[in-house]
>>> print(open('model.txt').read())   # compact mmCIF, C-alpha atoms
# COMPACT_ATOMS: atom_id res chain seq x y z
CA PHE A 1 -8.83 -18.54 32.45
CA PHE A 2 -7.96 -14.85 32.64
CA PHE A 3 -4.35 -15.50 31.60
CA PHE A 4 -5.46 -17.69 28.66
CA GLY A 5 -7.96 -15.04 27.51
CA PHE A 6 -5.27 -12.37 27.65
CA PHE A 7 -2.91 -14.59 25.63
CA VAL A 8 -5.53 -15.15 22.92
CA LEU A 9 -6.28 -11.42 22.67
CA ALA A 10 -2.56 -10.61 22.45
CA ALA A 11 -2.07 -13.22 19.71
CA VAL A 12 -4.99 -11.77 17.71
CA GLU A 13 -3.55 -8.25 18.02
CA ILE A 14 -0.12 -9.43 16.85
CA TRP A 15 -1.70 -11.20 13.87
CA LYS A 16 -3.73 -8.10 12.95
CA THR A 17 -0.66 -5.88 13.22
CA HIS A 18 1.77 -8.04 11.31
CA GLY A 19 -0.54 -9.47 8.65
CA VAL A 20 -0.21 -12.68 6.74
CA CYS A 21 0.90 -14.23 3.49
CA ASP A 22 -1.63 -16.80 2.29
CA LYS A 23 -1.55 -19.16 -0.69
CA HIS A 24 -4.95 -19.93 -2.21
CA ASP A 25 -6.18 -22.89 -4.26
CA ASN A 26 -6.61 -20.70 -7.34
CA ASP A 27 -2.81 -20.20 -7.66
CA MET A 28 -2.95 -16.75 -6.10
CA THR A 29 -0.91 -15.40 -3.20
CA GLU A 30 -2.50 -12.83 -0.93
CA LEU A 31 -0.35 -10.47 1.13
CA THR A 32 -2.19 -8.57 3.82
CA GLY A 33 -1.07 -6.42 6.71
CA LYS A 34 -0.14 -3.03 8.04
CA THR A 35 1.04 -0.76 5.27
CA VAL A 36 2.78 2.61 5.27
CA ILE A 37 2.94 4.72 2.11
CA CYS A 38 4.87 7.95 1.68
CA PHE A 39 3.81 10.38 -1.06
CA ALA A 40 6.27 13.07 -2.11
CA ASP A 41 4.19 16.16 -2.86
CA GLY A 42 4.84 17.50 -6.30
CA GLU A 43 7.14 14.64 -7.34
CA ALA A 44 4.47 12.27 -8.69
CA LEU A 45 5.80 9.20 -6.87
CA TYR A 46 5.37 7.14 -3.72
CA GLN A 47 7.28 4.58 -1.68
CA GLY A 48 5.72 2.16 0.76
CA ARG A 49 6.14 -0.83 3.03
CA LEU A 50 3.77 -3.77 3.46
CA PHE A 51 4.27 -5.86 6.59
CA ALA A 52 2.88 -9.35 5.85
CA GLY A 53 3.62 -11.88 8.57
CA VAL A 54 7.34 -11.91 9.25
CA LYS A 55 8.14 -10.55 5.77
CA GLN A 56 8.38 -6.95 4.73
CA TYR A 57 7.81 -5.81 1.15
CA GLY A 58 8.56 -2.54 -0.56
CA LEU A 59 6.09 -0.71 -2.76
CA PHE A 60 7.09 1.84 -5.36
CA GLY A 61 5.07 3.79 -7.87
CA GLN A 62 5.21 6.69 -10.26
CA GLU A 63 2.32 8.72 -11.59
CA ILE A 64 1.09 7.73 -15.03
CA GLU A 65 0.66 11.11 -16.65
CA ASP A 66 -0.31 9.96 -20.15
CA GLU A 67 -4.11 9.49 -20.02
CA GLU A 68 -3.93 6.94 -22.83
CA GLN A 69 -1.95 4.64 -20.48
CA HIS A 70 -4.55 4.89 -17.68
CA PRO A 71 -6.33 1.61 -16.99
CA ASP A 72 -9.98 1.27 -17.93
CA GLU A 73 -12.84 -1.18 -17.41
CA ALA A 74 -11.41 -3.48 -20.09
CA THR A 75 -8.11 -3.90 -18.20
CA ASP A 76 -9.45 -3.72 -14.63
CA SER A 77 -13.14 -4.12 -13.79
CA THR A 78 -12.78 -1.93 -10.66
CA PHE A 79 -12.20 1.22 -12.77
CA HIS A 80 -15.52 2.71 -13.84
CA HIS A 81 -14.73 6.11 -15.28
CA CYS A 82 -18.39 7.11 -15.13
CA CYS A 83 -18.09 6.96 -11.32
CA PHE A 84 -14.99 9.20 -11.07
CA SER A 85 -15.56 12.70 -9.75
CA PRO A 86 -14.77 15.33 -12.40
CA GLU A 87 -13.70 17.71 -9.58
CA ASP A 88 -11.36 15.18 -7.97
CA PRO A 89 -10.47 12.44 -10.46
CA PRO A 90 -8.17 9.59 -9.38
CA ILE A 91 -4.45 9.75 -9.96
CA PHE A 92 -3.10 6.60 -11.59
CA PHE A 93 0.23 5.15 -10.50
CA THR A 94 2.42 2.27 -11.55
CA LEU A 95 3.05 -0.33 -8.84
CA THR A 96 6.19 -2.34 -8.24
CA LEU A 97 6.42 -4.88 -5.42
CA ILE A 98 9.89 -5.32 -3.93
CA ASP A 99 10.65 -8.55 -2.06
CA TYR A 100 13.55 -7.65 0.22
CA GLN A 101 14.21 -11.30 1.07
CA THR A 102 14.75 -12.43 -2.52
CA LYS A 103 15.90 -8.99 -3.74
CA SER A 104 13.40 -9.16 -6.59
CA GLU A 105 11.07 -6.59 -8.11
CA THR A 106 7.70 -7.45 -9.63
CA PRO A 107 5.87 -4.89 -11.77
CA LEU A 108 2.10 -5.06 -11.21
CA PRO A 109 -0.87 -3.45 -12.98
CA PRO A 110 -1.56 0.24 -12.24
CA VAL A 111 -3.51 1.47 -9.22
CA ALA A 112 -5.79 4.46 -8.67
CA LYS A 113 -5.23 6.92 -5.81
CA THR A 114 -8.37 8.64 -4.58
CA ASN A 115 -9.57 10.47 -1.47
CA GLY A 116 -6.89 13.20 -1.32
CA ASP A 117 -4.57 13.14 1.72
CA ASN A 118 -6.64 10.37 3.30
CA ALA A 119 -5.42 8.18 0.43
CA LYS A 120 -6.98 5.04 -0.93
CA LEU A 121 -5.14 2.93 -3.48
CA SER A 122 -7.29 0.51 -5.39
CA ALA A 123 -7.29 -1.92 -8.26
CA ALA A 124 -8.52 -5.48 -8.75
CA HIS A 125 -5.31 -6.73 -7.09
CA LEU A 126 -4.82 -4.05 -4.37
CA LYS A 127 -6.92 -2.47 -1.65
CA PHE A 128 -5.29 0.11 0.65
CA GLU A 129 -7.10 2.50 2.93
CA THR A 130 -5.50 5.11 5.19
CA HIS A 131 -6.35 4.88 8.89
CA ARG A 132 -4.02 7.71 9.93
CA PHE A 133 -1.87 10.19 8.05
CA LEU A 134 1.19 12.16 9.10
CA VAL A 135 2.49 15.49 7.78
CA ASP A 136 5.30 17.96 8.47
CA ASP A 137 7.82 16.96 11.18
CA GLU A 138 5.97 13.76 12.08
CA ALA A 139 6.07 12.59 8.44
CA MET A 140 9.74 13.52 8.13
CA GLU A 141 10.62 11.50 11.26
CA TYR A 142 8.81 8.47 9.85
CA ALA A 143 10.52 8.91 6.49
CA HIS A 144 13.96 8.84 8.16
CA SER A 145 13.24 5.26 9.27
CA PHE A 146 11.45 3.86 6.24
CA PHE A 147 11.99 6.16 3.25
CA PRO A 148 15.43 7.77 3.60
CA LYS A 149 15.67 8.61 -0.12
CA LEU A 150 12.69 10.95 0.27
CA VAL A 151 14.04 12.83 3.31
CA GLY A 152 14.92 16.45 2.68
CA ARG A 153 12.87 16.69 -0.49
CA VAL A 154 9.48 18.31 -0.90
CA PRO A 155 6.76 18.06 1.77
CA LEU A 156 5.87 14.47 2.54
CA LEU A 157 2.58 12.80 3.34
CA VAL A 158 2.81 9.47 5.18
CA CYS A 159 -0.32 7.29 5.18
CA GLU A 160 -0.66 4.39 7.62
CA GLY A 161 -3.29 1.79 6.97
CA HIS A 162 -4.01 -1.76 5.95
CA ALA A 163 -3.54 -3.32 2.53
CA THR A 164 -4.45 -6.52 0.77
CA LEU A 165 -2.41 -7.33 -2.32
CA THR A 166 -3.26 -10.34 -4.49
CA LEU A 167 -0.50 -11.77 -6.67
CA PRO A 168 -0.84 -14.41 -9.39
CA GLU A 169 1.58 -17.32 -9.04
CA SER A 170 4.48 -17.09 -11.44
>>> encode(input="model.txt", output="structure tokens")
Amino acid sequence: FFFFGFFVLAAVEIWKTHGVCDKHDNDMTELTGKTVICFADGEALYQGRLFAGVKQYGLFGQEIEDEEQHPDEATDSTFHHCCFSPEDPPIFFTLTLIDYQTKSETPLPPVAKTNGDNAKLSAAHLKFETHRFLVDDEAMEYAHSFFPKLVGRVPLLVCEGHATLTLPES
């Protein structure tokens, strides 16, 4: 019994770490799993990785500086501008999902980054929350493995966490 219990706990931990890719009846695909996002300070962009099951996806975004292009309640019901802090408003980013297996890129609706260095990315189709963040040498080491194009640039902030990304079927 002890061995079986240990096996079940190990299987649950592996599932939680690697995430899943689920298809739903409403023609939506949900990717969920460990996610790492690297923000390049002062460069208004990020790169990330989403580990969903045995697949790995890339995430890429650039800051949307033109306020007229920021999403609002009409385009995404999760954005309520009356709830944004005037002292620390969200930063809006584009989002592109990169499927390394098919070598395809899918542009998705914008996301809002809140919570400073302890970043949260949110939209109707994406929920990401940082569980741990890395700076300085630790962030640079991580970037060498996952974000080599950002190495040697400005200071980096690496956020580790969990994400759920919902995609409509195409």
>>> atom_distance(input="model.txt", atom1="atom CA of A:Thr96", atom2="atom CA of A:Gly58")
8.0 Å
>>> closest_residue(input="model.txt", among="A:Met140, A:Ala124, A:Val36, A:Val135", to="A:His162", atoms="all atoms listed in the file")
A:Val36
>>> atom_distance(input="model.txt", atom1="atom CA of A:His125", atom2="atom CA of A:Cys38")
19.9 Å
>>> atom_distance(input="model.txt", atom1="atom CA of A:Pro90", atom2="atom CA of A:Ser145")
28.7 Å
>>> closest_residue(input="model.txt", among="A:Leu157, A:Leu50, A:Leu31, A:Leu121", to="A:Tyr100", atoms="only C-alpha atoms")
A:Leu50
>>> closest_residue(input="model.txt", among="A:Ile91, A:Ala44, A:Val111, A:Ile98", to="A:Tyr57", atoms="all atoms listed in the file")
A:Ile98
>>> closest_residue(input="model.txt", among="A:Pro110, A:Gly116, A:Pro155, A:Pro89", to="A:Glu63", atoms="only C-alpha atoms")
A:Pro110
>>> closest_residue(input="model.txt", among="A:Ala143, A:Leu156, A:Leu167, A:Ala40", to="A:Leu108", atoms="all atoms listed in the file")
A:Leu167
>>> closest_residue(input="model.txt", among="A:Gly161, A:Gly53, A:Pro109, A:Gly152", to="A:Phe133", atoms="all atoms listed in the file")
A:Gly161
